[in-house]
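Engineer: Next comes the structure file protein.cif, holding mmCIF, N, CA and C atoms.
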data_run
loop_
_atom_site.label_atom_id
_atom_site.label_comp_id
_atom_site.auth_asym_id
_atom_site.auth_seq_id
_atom_site.Cartn_x
_atom_site.Cartn_y
_atom_site.Cartn_z
N MET A 1 -167.55 14.67 -35.83
CA MET A 1 -168.16 14.89 -34.54
C MET A 1 -167.12 14.65 -33.45
N HIS A 2 -167.03 15.57 -32.54
CA HIS A 2 -166.07 15.44 -31.44
C HIS A 2 -166.60 14.49 -30.38
N GLY A 3 -165.68 13.86 -29.69
CA GLY A 3 -166.04 12.91 -28.64
C GLY A 3 -166.24 13.59 -27.29
N ILE A 4 -166.74 12.83 -26.36
CA ILE A 4 -166.99 13.29 -25.00
C ILE A 4 -166.29 12.34 -24.04
N VAL A 5 -165.59 12.89 -23.06
CA VAL A 5 -164.96 12.07 -22.03
C VAL A 5 -165.83 12.14 -20.78
N ARG A 6 -166.26 10.96 -20.33
CA ARG A 6 -167.08 10.88 -19.13
C ARG A 6 -166.67 9.64 -18.35
N ASP A 7 -166.35 9.82 -17.09
CA ASP A 7 -165.95 8.70 -16.22
C ASP A 7 -164.82 7.87 -16.84
N GLY A 8 -163.83 8.54 -17.43
CA GLY A 8 -162.68 7.85 -17.99
C GLY A 8 -162.91 7.19 -19.33
N THR A 9 -164.09 7.40 -19.93
CA THR A 9 -164.40 6.80 -21.23
C THR A 9 -164.57 7.90 -22.27
N TYR A 10 -163.83 7.78 -23.36
CA TYR A 10 -163.96 8.69 -24.49
C TYR A 10 -164.96 8.07 -25.45
N VAL A 11 -166.08 8.76 -25.68
CA VAL A 11 -167.17 8.22 -26.50
C VAL A 11 -167.33 9.11 -27.73
N LYS A 12 -167.42 8.47 -28.89
CA LYS A 12 -167.55 9.22 -30.13
C LYS A 12 -168.47 8.50 -31.10
N LYS A 13 -169.38 9.26 -31.72
CA LYS A 13 -170.23 8.70 -32.76
C LYS A 13 -169.51 8.81 -34.09
N GLU A 14 -169.52 7.73 -34.86
CA GLU A 14 -168.85 7.68 -36.15
C GLU A 14 -169.77 7.02 -37.17
N THR A 15 -169.30 6.97 -38.40
CA THR A 15 -169.97 6.20 -39.45
C THR A 15 -169.05 5.05 -39.83
N GLU A 16 -169.61 4.00 -40.34
CA GLU A 16 -168.78 2.88 -40.78
C GLU A 16 -167.80 3.36 -41.86
N LYS A 17 -168.18 4.33 -42.66
CA LYS A 17 -167.31 4.85 -43.70
C LYS A 17 -166.17 5.67 -43.09
N GLY A 18 -166.26 5.98 -41.78
CA GLY A 18 -165.21 6.73 -41.11
C GLY A 18 -163.96 5.91 -40.84
N MET A 19 -164.02 4.61 -41.11
CA MET A 19 -162.85 3.76 -40.93
C MET A 19 -161.88 3.96 -42.08
N LEU A 20 -160.62 4.11 -41.75
CA LEU A 20 -159.61 4.15 -42.81
C LEU A 20 -159.49 2.74 -43.38
N ARG A 21 -159.38 2.63 -44.68
CA ARG A 21 -159.25 1.31 -45.30
C ARG A 21 -157.79 0.92 -45.41
N MET A 22 -157.20 0.64 -44.26
CA MET A 22 -155.80 0.25 -44.22
C MET A 22 -155.73 -1.14 -43.60
N SER A 23 -155.28 -2.10 -44.35
CA SER A 23 -155.18 -3.49 -43.90
C SER A 23 -156.45 -3.96 -43.22
N GLY A 24 -157.57 -3.80 -43.90
CA GLY A 24 -158.84 -4.30 -43.38
C GLY A 24 -159.62 -3.31 -42.56
N GLY A 25 -159.15 -2.08 -42.44
CA GLY A 25 -159.88 -1.06 -41.70
C GLY A 25 -159.25 -0.74 -40.37
N SER A 26 -159.36 0.51 -39.97
CA SER A 26 -158.79 0.97 -38.71
C SER A 26 -159.67 2.11 -38.19
N TRP A 27 -159.67 2.30 -36.90
CA TRP A 27 -160.27 3.50 -36.33
C TRP A 27 -159.14 4.42 -35.94
N THR A 28 -159.30 5.70 -36.20
CA THR A 28 -158.28 6.70 -35.89
C THR A 28 -158.72 7.52 -34.68
N ILE A 29 -157.92 7.49 -33.64
CA ILE A 29 -158.20 8.23 -32.41
C ILE A 29 -157.45 9.56 -32.48
N ASN A 30 -158.15 10.65 -32.31
CA ASN A 30 -157.51 11.96 -32.31
C ASN A 30 -156.94 12.22 -30.91
N LEU A 31 -155.62 12.08 -30.78
CA LEU A 31 -154.99 12.23 -29.47
C LEU A 31 -155.05 13.67 -28.98
N ASP A 32 -155.14 14.63 -29.90
CA ASP A 32 -155.27 16.04 -29.49
C ASP A 32 -156.57 16.27 -28.73
N GLU A 33 -157.62 15.54 -29.08
CA GLU A 33 -158.93 15.71 -28.41
C GLU A 33 -158.91 15.20 -26.98
N ILE A 34 -158.08 14.21 -26.69
CA ILE A 34 -158.10 13.62 -25.36
C ILE A 34 -156.85 13.93 -24.54
N ALA A 35 -156.02 14.82 -25.07
CA ALA A 35 -154.81 15.21 -24.34
C ALA A 35 -155.20 15.82 -22.99
N ASN A 36 -154.42 15.52 -21.98
CA ASN A 36 -154.62 16.07 -20.63
C ASN A 36 -155.95 15.65 -20.00
N GLN A 37 -156.52 14.55 -20.45
CA GLN A 37 -157.74 14.03 -19.84
C GLN A 37 -157.46 12.60 -19.37
N ASP A 38 -158.14 12.21 -18.34
CA ASP A 38 -157.94 10.89 -17.76
C ASP A 38 -158.80 9.87 -18.50
N VAL A 39 -158.26 9.34 -19.60
CA VAL A 39 -159.00 8.40 -20.45
C VAL A 39 -158.49 6.99 -20.22
N ALA A 40 -159.39 6.08 -19.87
CA ALA A 40 -159.02 4.67 -19.67
C ALA A 40 -159.57 3.79 -20.79
N ARG A 41 -160.70 4.19 -21.36
CA ARG A 41 -161.36 3.40 -22.40
C ARG A 41 -161.80 4.31 -23.54
N ILE A 42 -161.89 3.75 -24.73
CA ILE A 42 -162.38 4.48 -25.90
C ILE A 42 -163.51 3.67 -26.52
N VAL A 43 -164.62 4.33 -26.78
CA VAL A 43 -165.79 3.68 -27.38
C VAL A 43 -166.22 4.50 -28.59
N TYR A 44 -166.23 3.87 -29.76
CA TYR A 44 -166.78 4.48 -30.97
C TYR A 44 -168.06 3.71 -31.28
N PHE A 45 -169.12 4.43 -31.61
CA PHE A 45 -170.34 3.72 -31.98
C PHE A 45 -170.85 4.26 -33.31
N THR A 46 -171.41 3.33 -34.08
CA THR A 46 -171.99 3.66 -35.38
C THR A 46 -173.46 3.28 -35.31
N GLU A 47 -174.15 3.41 -36.41
CA GLU A 47 -175.57 3.03 -36.44
C GLU A 47 -175.77 1.56 -36.10
N ARG A 48 -174.77 0.73 -36.41
CA ARG A 48 -174.95 -0.72 -36.26
C ARG A 48 -174.06 -1.38 -35.21
N TYR A 49 -172.86 -0.82 -34.99
CA TYR A 49 -171.89 -1.48 -34.11
C TYR A 49 -171.36 -0.56 -33.02
N ILE A 50 -170.81 -1.19 -32.00
CA ILE A 50 -170.06 -0.50 -30.96
C ILE A 50 -168.65 -1.08 -30.97
N TYR A 51 -167.65 -0.22 -30.96
CA TYR A 51 -166.25 -0.63 -30.96
C TYR A 51 -165.63 -0.13 -29.65
N ARG A 52 -165.01 -1.03 -28.87
CA ARG A 52 -164.42 -0.66 -27.59
C ARG A 52 -162.96 -1.10 -27.54
N ILE A 53 -162.15 -0.28 -26.86
CA ILE A 53 -160.75 -0.64 -26.64
C ILE A 53 -160.24 0.13 -25.43
N SER A 54 -159.32 -0.46 -24.71
CA SER A 54 -158.72 0.27 -23.59
C SER A 54 -157.68 1.23 -24.18
N TYR A 55 -157.47 2.32 -23.49
CA TYR A 55 -156.50 3.32 -23.94
C TYR A 55 -155.10 2.70 -24.02
N ASP A 56 -154.75 1.88 -23.03
CA ASP A 56 -153.44 1.23 -23.02
C ASP A 56 -153.26 0.30 -24.21
N LYS A 57 -154.30 -0.49 -24.51
CA LYS A 57 -154.21 -1.43 -25.64
C LYS A 57 -154.13 -0.66 -26.96
N ALA A 58 -154.87 0.45 -27.07
CA ALA A 58 -154.82 1.26 -28.28
C ALA A 58 -153.40 1.76 -28.53
N HIS A 59 -152.74 2.21 -27.47
CA HIS A 59 -151.37 2.69 -27.62
C HIS A 59 -150.40 1.55 -27.96
N LYS A 60 -150.66 0.38 -27.40
CA LYS A 60 -149.79 -0.76 -27.65
C LYS A 60 -149.93 -1.28 -29.08
N GLU A 61 -151.16 -1.33 -29.59
CA GLU A 61 -151.44 -1.96 -30.88
C GLU A 61 -151.52 -0.98 -32.05
N GLY A 62 -151.66 0.31 -31.77
CA GLY A 62 -151.80 1.29 -32.85
C GLY A 62 -150.48 1.91 -33.25
N PHE A 63 -150.55 2.83 -34.20
CA PHE A 63 -149.34 3.56 -34.57
C PHE A 63 -149.68 5.04 -34.72
N HIS A 64 -148.73 5.89 -34.37
CA HIS A 64 -148.93 7.33 -34.40
C HIS A 64 -148.78 7.86 -35.82
N LYS A 65 -149.58 8.88 -36.09
CA LYS A 65 -149.54 9.49 -37.41
C LYS A 65 -149.96 10.95 -37.26
N GLU A 66 -149.38 11.81 -38.06
CA GLU A 66 -149.78 13.21 -38.09
C GLU A 66 -150.73 13.40 -39.27
N LEU A 67 -151.98 13.74 -38.99
CA LEU A 67 -152.98 13.94 -40.04
C LEU A 67 -153.63 15.30 -39.84
N ALA A 68 -153.65 16.10 -40.87
CA ALA A 68 -154.26 17.43 -40.83
C ALA A 68 -153.75 18.25 -39.64
N GLY A 69 -152.46 18.11 -39.36
CA GLY A 69 -151.85 18.90 -38.30
C GLY A 69 -152.18 18.45 -36.89
N GLU A 70 -152.80 17.27 -36.76
CA GLU A 70 -153.16 16.75 -35.44
C GLU A 70 -152.51 15.39 -35.23
N GLU A 71 -152.24 15.08 -33.96
CA GLU A 71 -151.64 13.79 -33.63
C GLU A 71 -152.73 12.74 -33.53
N LYS A 72 -152.58 11.68 -34.30
CA LYS A 72 -153.58 10.61 -34.33
C LYS A 72 -152.94 9.29 -33.92
N LEU A 73 -153.79 8.39 -33.46
CA LEU A 73 -153.38 7.02 -33.17
C LEU A 73 -154.27 6.11 -34.01
N VAL A 74 -153.67 5.41 -34.97
CA VAL A 74 -154.42 4.56 -35.89
C VAL A 74 -154.37 3.13 -35.37
N VAL A 75 -155.53 2.55 -35.06
CA VAL A 75 -155.61 1.22 -34.46
C VAL A 75 -156.43 0.30 -35.36
N PRO A 76 -155.82 -0.77 -35.89
CA PRO A 76 -156.56 -1.70 -36.75
C PRO A 76 -157.78 -2.30 -36.05
N ILE A 77 -158.81 -2.52 -36.83
CA ILE A 77 -160.08 -3.05 -36.31
C ILE A 77 -159.91 -4.32 -35.50
N LYS A 78 -158.96 -5.17 -35.88
CA LYS A 78 -158.82 -6.46 -35.19
C LYS A 78 -158.51 -6.31 -33.71
N TYR A 79 -158.04 -5.14 -33.28
CA TYR A 79 -157.73 -4.94 -31.86
C TYR A 79 -158.89 -4.37 -31.06
N TRP A 80 -159.94 -3.96 -31.75
CA TRP A 80 -161.12 -3.42 -31.06
C TRP A 80 -162.10 -4.56 -30.78
N LYS A 81 -162.84 -4.41 -29.71
CA LYS A 81 -163.94 -5.36 -29.43
C LYS A 81 -165.17 -4.79 -30.14
N LYS A 82 -165.69 -5.56 -31.08
CA LYS A 82 -166.83 -5.10 -31.90
C LYS A 82 -168.07 -5.89 -31.52
N GLU A 83 -169.16 -5.17 -31.30
CA GLU A 83 -170.42 -5.84 -30.99
C GLU A 83 -171.56 -5.11 -31.66
N GLU A 84 -172.62 -5.84 -31.97
CA GLU A 84 -173.81 -5.21 -32.58
C GLU A 84 -174.56 -4.43 -31.52
N ARG A 85 -175.16 -3.36 -31.95
CA ARG A 85 -175.95 -2.52 -31.03
C ARG A 85 -177.33 -3.10 -30.84
#
As structure tokens, please, write out the structure in this file.
Structural biologist:
Amino acid sequence: MHGIVRDGTYVKKETEKGMLRMSGGSWTINLDEIANQDVARIVYFTERYIYRISYDKAHKEGFHKELAGEEKLVVPIKYWKKEER
């Protein structure tokens, strides 16, 4: 499911299984989807949790990867703010 940018926030619905199982789990941000948009915050939500991170912190704490021909930013779960819905 593609995300939506509104008021500087990129919002995307995911599943808990959508986390890559790398060093305890990570969320992968598709940088191609938010290129040329004014994004300050990223919010992923699942059926049970909401994960939030600032765009700057995601870039600082994540690492770039090319997956399926798209530029991704992989950010370990420990850097996201996680809260129950």
Engineer: So the first atom is atom N of Leu31 in chain A and the second is CA of Glu83 in chain A; what is the distance between them in Å, to one decimal place?
Structural biologist: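 Going from atom N of Leu31 in chain A over to CA of Glu83 in chain A covers 23.2 Å.
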Engineer: Taking only N, CA and C atoms into account, name the residue in A:Arg48, A:Lys72, A:Lys82, A:His59 that is nearest to Thr28 in chain A.
Structural biologist: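 Between A:Arg48, A:Lys72, A:Lys82, A:His59, the residue approaching Thr28 in chain A most closely is A:Lys72.
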Engineer: If DSSP is run on the backbone, what residues of chain A are alpha helix (DSSP H)? A reply as a ChimeraX atom specification would be ideal.
Structural biologist: /A:31-34,55-61
Engineer: Selected residues, N, CA and C atoms, written as an mmCIF file, keeping the file's coordinate frame, please.
Structural biologist:
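So the final result, stored in again.cif, reads:
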data_model
loop_
_atom_site.group_PDB
_atom_site.id
_atom_site.type_symbol
_atom_site.label_atom_id
_atom_site.label_comp_id
_atom_site.auth_asym_id
_atom_site.auth_seq_id
_atom_site.Cartn_x
_atom_site.Cartn_y
_atom_site.Cartn_z
ATOM 1 N N LEU A 31 -155.620 12.080 -30.780
ATOM 2 C CA LEU A 31 -154.990 12.230 -29.470
ATOM 3 C C LEU A 31 -155.050 13.670 -28.980
ATOM 4 N N ASP A 32 -155.140 14.630 -29.900
ATOM 5 C CA ASP A 32 -155.270 16.040 -29.490
ATOM 6 C C ASP A 32 -156.570 16.270 -28.730
ATOM 7 N N GLU A 33 -157.620 15.540 -29.080
ATOM 8 C CA GLU A 33 -158.930 15.710 -28.410
ATOM 9 C C GLU A 33 -158.910 15.200 -26.980
ATOM 10 N N ILE A 34 -158.080 14.210 -26.690
ATOM 11 C CA ILE A 34 -158.100 13.620 -25.360
ATOM 12 C C ILE A 34 -156.850 13.930 -24.540
ATOM 13 N N TYR A 55 -157.470 2.320 -23.490
ATOM 14 C CA TYR A 55 -156.500 3.320 -23.940
ATOM 15 C C TYR A 55 -155.100 2.700 -24.020
ATOM 16 N N ASP A 56 -154.750 1.880 -23.030
ATOM 17 C CA ASP A 56 -153.440 1.230 -23.020
ATOM 18 C C ASP A 56 -153.260 0.300 -24.210
ATOM 19 N N LYS A 57 -154.300 -0.490 -24.510
ATOM 20 C CA LYS A 57 -154.210 -1.430 -25.640
ATOM 21 C C LYS A 57 -154.130 -0.660 -26.960
ATOM 22 N N ALA A 58 -154.870 0.450 -27.070
ATOM 23 C CA ALA A 58 -154.820 1.260 -28.280
ATOM 24 C C ALA A 58 -153.400 1.760 -28.530
ATOM 25 N N HIS A 59 -152.740 2.210 -27.470
ATOM 26 C CA HIS A 59 -151.370 2.690 -27.620
ATOM 27 C C HIS A 59 -150.400 1.550 -27.960
ATOM 28 N N LYS A 60 -150.660 0.380 -27.400
ATOM 29 C CA LYS A 60 -149.790 -0.760 -27.650
ATOM 30 C C LYS A 60 -149.930 -1.280 -29.080
ATOM 31 N N GLU A 61 -151.160 -1.330 -29.590
ATOM 32 C CA GLU A 61 -151.440 -1.960 -30.880
ATOM 33 C C GLU A 61 -151.520 -0.980 -32.050
#
Engineer: Can you measure atom C of Gly24 in chain A to CA of Gly8 in chain A for me? One decimal in Å is fine.
Structural biologist: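 CA of Gly8 in chain A lies 27.2 Å from atom C of Gly24 in chain A.
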Engineer: List the neighbours of Gln37 in chain A out to 10 Å using only C-alpha atoms; skip same-chain residues closer than 3 positions along the sequence, and give me the result as an NGL selection string.
Structural biologist: :A and (5-6 or 8-10 or 33-34 or 40)
Engineer: Looking at only C-alpha atoms, which of A:Glu14, A:Glu47, A:Glu84, A:Asp7 is the one that sits closest to Ile29 in chain A?
Structural biologist: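 That would be A:Glu14, the residue with the smallest distance to Ile29 in chain A.
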Engineer: Mind telling me what the PyMOL selection byres ((chain A and resi 15) around 7) catches here, as a VMD selection string?
Structural biologist: chain A and resid 13 to 14 16 to 19 45 to 47
Engineer: Using CA of Asp56 in chain A and atom C of Arg85 in chain A as the two end points, give the distance in Å to one decimal.
Structural biologist: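 It comes out at 25.5 Å.
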Engineer: If you count only N, CA and C atoms, which residues fall within 7 Å of Tyr55 in chain A, apart from same-chain ones fewer than 5 positions away, as a ChimeraX atom specification?
Structural biologist: /A:39-42,60
Engineer: Neighbours of Ile77 in chain A within 7 Å (all atoms listed in the file; same-chain residues fewer than 4 positions away dropped), as a ChimeraX atom specification?
Structural biologist: /A:23-27,81
Engineer: Based on the backbone DSSP call, show me all residues of chain A assigned strand (DSSP E or B), as a short mmCIF file (atom, residue, chain, number, x, y, z; two decimals) with N, CA and C atoms, in the frame of the given file.
Structural biologist:
data_model
loop_
_atom_site.label_atom_id
_atom_site.label_comp_id
_atom_site.auth_asym_id
_atom_site.auth_seq_id
_atom_site.Cartn_x
_atom_site.Cartn_y
_atom_site.Cartn_z
N ILE A 4 -166.74 12.83 -26.36
CA ILE A 4 -166.99 13.29 -25.00
C ILE A 4 -166.29 12.34 -24.04
N VAL A 5 -165.59 12.89 -23.06
CA VAL A 5 -164.96 12.07 -22.03
C VAL A 5 -165.83 12.14 -20.78
N ARG A 6 -166.26 10.96 -20.33
CA ARG A 6 -167.08 10.88 -19.13
C ARG A 6 -166.67 9.64 -18.35
N THR A 9 -164.09 7.40 -19.93
CA THR A 9 -164.40 6.80 -21.23
C THR A 9 -164.57 7.90 -22.27
N TYR A 10 -163.83 7.78 -23.36
CA TYR A 10 -163.96 8.69 -24.49
C TYR A 10 -164.96 8.07 -25.45
N VAL A 11 -166.08 8.76 -25.68
CA VAL A 11 -167.17 8.22 -26.50
C VAL A 11 -167.33 9.11 -27.73
N LYS A 12 -167.42 8.47 -28.89
CA LYS A 12 -167.55 9.22 -30.13
C LYS A 12 -168.47 8.50 -31.10
N LYS A 13 -169.38 9.26 -31.72
CA LYS A 13 -170.23 8.70 -32.76
C LYS A 13 -169.51 8.81 -34.09
N LEU A 20 -160.62 4.11 -41.75
CA LEU A 20 -159.61 4.15 -42.81
C LEU A 20 -159.49 2.74 -43.38
N SER A 26 -159.36 0.51 -39.97
CA SER A 26 -158.79 0.97 -38.71
C SER A 26 -159.67 2.11 -38.19
N TRP A 27 -159.67 2.30 -36.90
CA TRP A 27 -160.27 3.50 -36.33
C TRP A 27 -159.14 4.42 -35.94
N THR A 28 -159.30 5.70 -36.20
CA THR A 28 -158.28 6.70 -35.89
C THR A 28 -158.72 7.52 -34.68
N ILE A 29 -157.92 7.49 -33.64
CA ILE A 29 -158.20 8.23 -32.41
C ILE A 29 -157.45 9.56 -32.48
N ASN A 30 -158.15 10.65 -32.31
CA ASN A 30 -157.51 11.96 -32.31
C ASN A 30 -156.94 12.22 -30.91
N ARG A 41 -160.70 4.19 -21.36
CA ARG A 41 -161.36 3.40 -22.40
C ARG A 41 -161.80 4.31 -23.54
N ILE A 42 -161.89 3.75 -24.73
CA ILE A 42 -162.38 4.48 -25.90
C ILE A 42 -163.51 3.67 -26.52
N VAL A 43 -164.62 4.33 -26.78
CA VAL A 43 -165.79 3.68 -27.38
C VAL A 43 -166.22 4.50 -28.59
N TYR A 44 -166.23 3.87 -29.76
CA TYR A 44 -166.78 4.48 -30.97
C TYR A 44 -168.06 3.71 -31.28
N PHE A 45 -169.12 4.43 -31.61
CA PHE A 45 -170.34 3.72 -31.98
C PHE A 45 -170.85 4.26 -33.31
N TYR A 49 -172.86 -0.82 -34.99
CA TYR A 49 -171.89 -1.48 -34.11
C TYR A 49 -171.36 -0.56 -33.02
N ILE A 50 -170.81 -1.19 -32.00
CA ILE A 50 -170.06 -0.50 -30.96
C ILE A 50 -168.65 -1.08 -30.97
N TYR A 51 -167.65 -0.22 -30.96
CA TYR A 51 -166.25 -0.63 -30.96
C TYR A 51 -165.63 -0.13 -29.65
N ARG A 52 -165.01 -1.03 -28.87
CA ARG A 52 -164.42 -0.66 -27.59
C ARG A 52 -162.96 -1.10 -27.54
N ILE A 53 -162.15 -0.28 -26.86
CA ILE A 53 -160.75 -0.64 -26.64
C ILE A 53 -160.24 0.13 -25.43
N SER A 54 -159.32 -0.46 -24.71
CA SER A 54 -158.72 0.27 -23.59
C SER A 54 -157.68 1.23 -24.18
N PHE A 63 -150.55 2.83 -34.20
CA PHE A 63 -149.34 3.56 -34.57
C PHE A 63 -149.68 5.04 -34.72
N HIS A 64 -148.73 5.89 -34.37
CA HIS A 64 -148.93 7.33 -34.40
C HIS A 64 -148.78 7.86 -35.82
N LYS A 65 -149.58 8.88 -36.09
CA LYS A 65 -149.54 9.49 -37.41
C LYS A 65 -149.96 10.95 -37.26
N GLU A 66 -149.38 11.81 -38.06
CA GLU A 66 -149.78 13.21 -38.09
C GLU A 66 -150.73 13.40 -39.27
N LEU A 67 -151.98 13.74 -38.99
CA LEU A 67 -152.98 13.94 -40.04
C LEU A 67 -153.63 15.30 -39.84
N GLU A 70 -152.80 17.27 -36.76
CA GLU A 70 -153.16 16.75 -35.44
C GLU A 70 -152.51 15.39 -35.23
N GLU A 71 -152.24 15.08 -33.96
CA GLU A 71 -151.64 13.79 -33.63
C GLU A 71 -152.73 12.74 -33.53
N LYS A 72 -152.58 11.68 -34.30
CA LYS A 72 -153.58 10.61 -34.33
C LYS A 72 -152.94 9.29 -33.92
N LEU A 73 -153.79 8.39 -33.46
CA LEU A 73 -153.38 7.02 -33.17
C LEU A 73 -154.27 6.11 -34.01
N VAL A 74 -153.67 5.41 -34.97
CA VAL A 74 -154.42 4.56 -35.89
C VAL A 74 -154.37 3.13 -35.37
N VAL A 75 -155.53 2.55 -35.06
CA VAL A 75 -155.61 1.22 -34.46
C VAL A 75 -156.43 0.30 -35.36
N PRO A 76 -155.82 -0.77 -35.89
CA PRO A 76 -156.56 -1.70 -36.75
C PRO A 76 -157.78 -2.30 -36.05
N LYS A 81 -162.84 -4.41 -29.71
CA LYS A 81 -163.94 -5.36 -29.43
C LYS A 81 -165.17 -4.79 -30.14
N LYS A 82 -165.69 -5.56 -31.08
CA LYS A 82 -166.83 -5.10 -31.90
C LYS A 82 -168.07 -5.89 -31.52
N GLU A 83 -169.16 -5.17 -31.30
CA GLU A 83 -170.42 -5.84 -30.99
C GLU A 83 -171.56 -5.11 -31.66
N GLU A 84 -172.62 -5.84 -31.97
CA GLU A 84 -173.81 -5.21 -32.58
C GLU A 84 -174.56 -4.43 -31.52
#
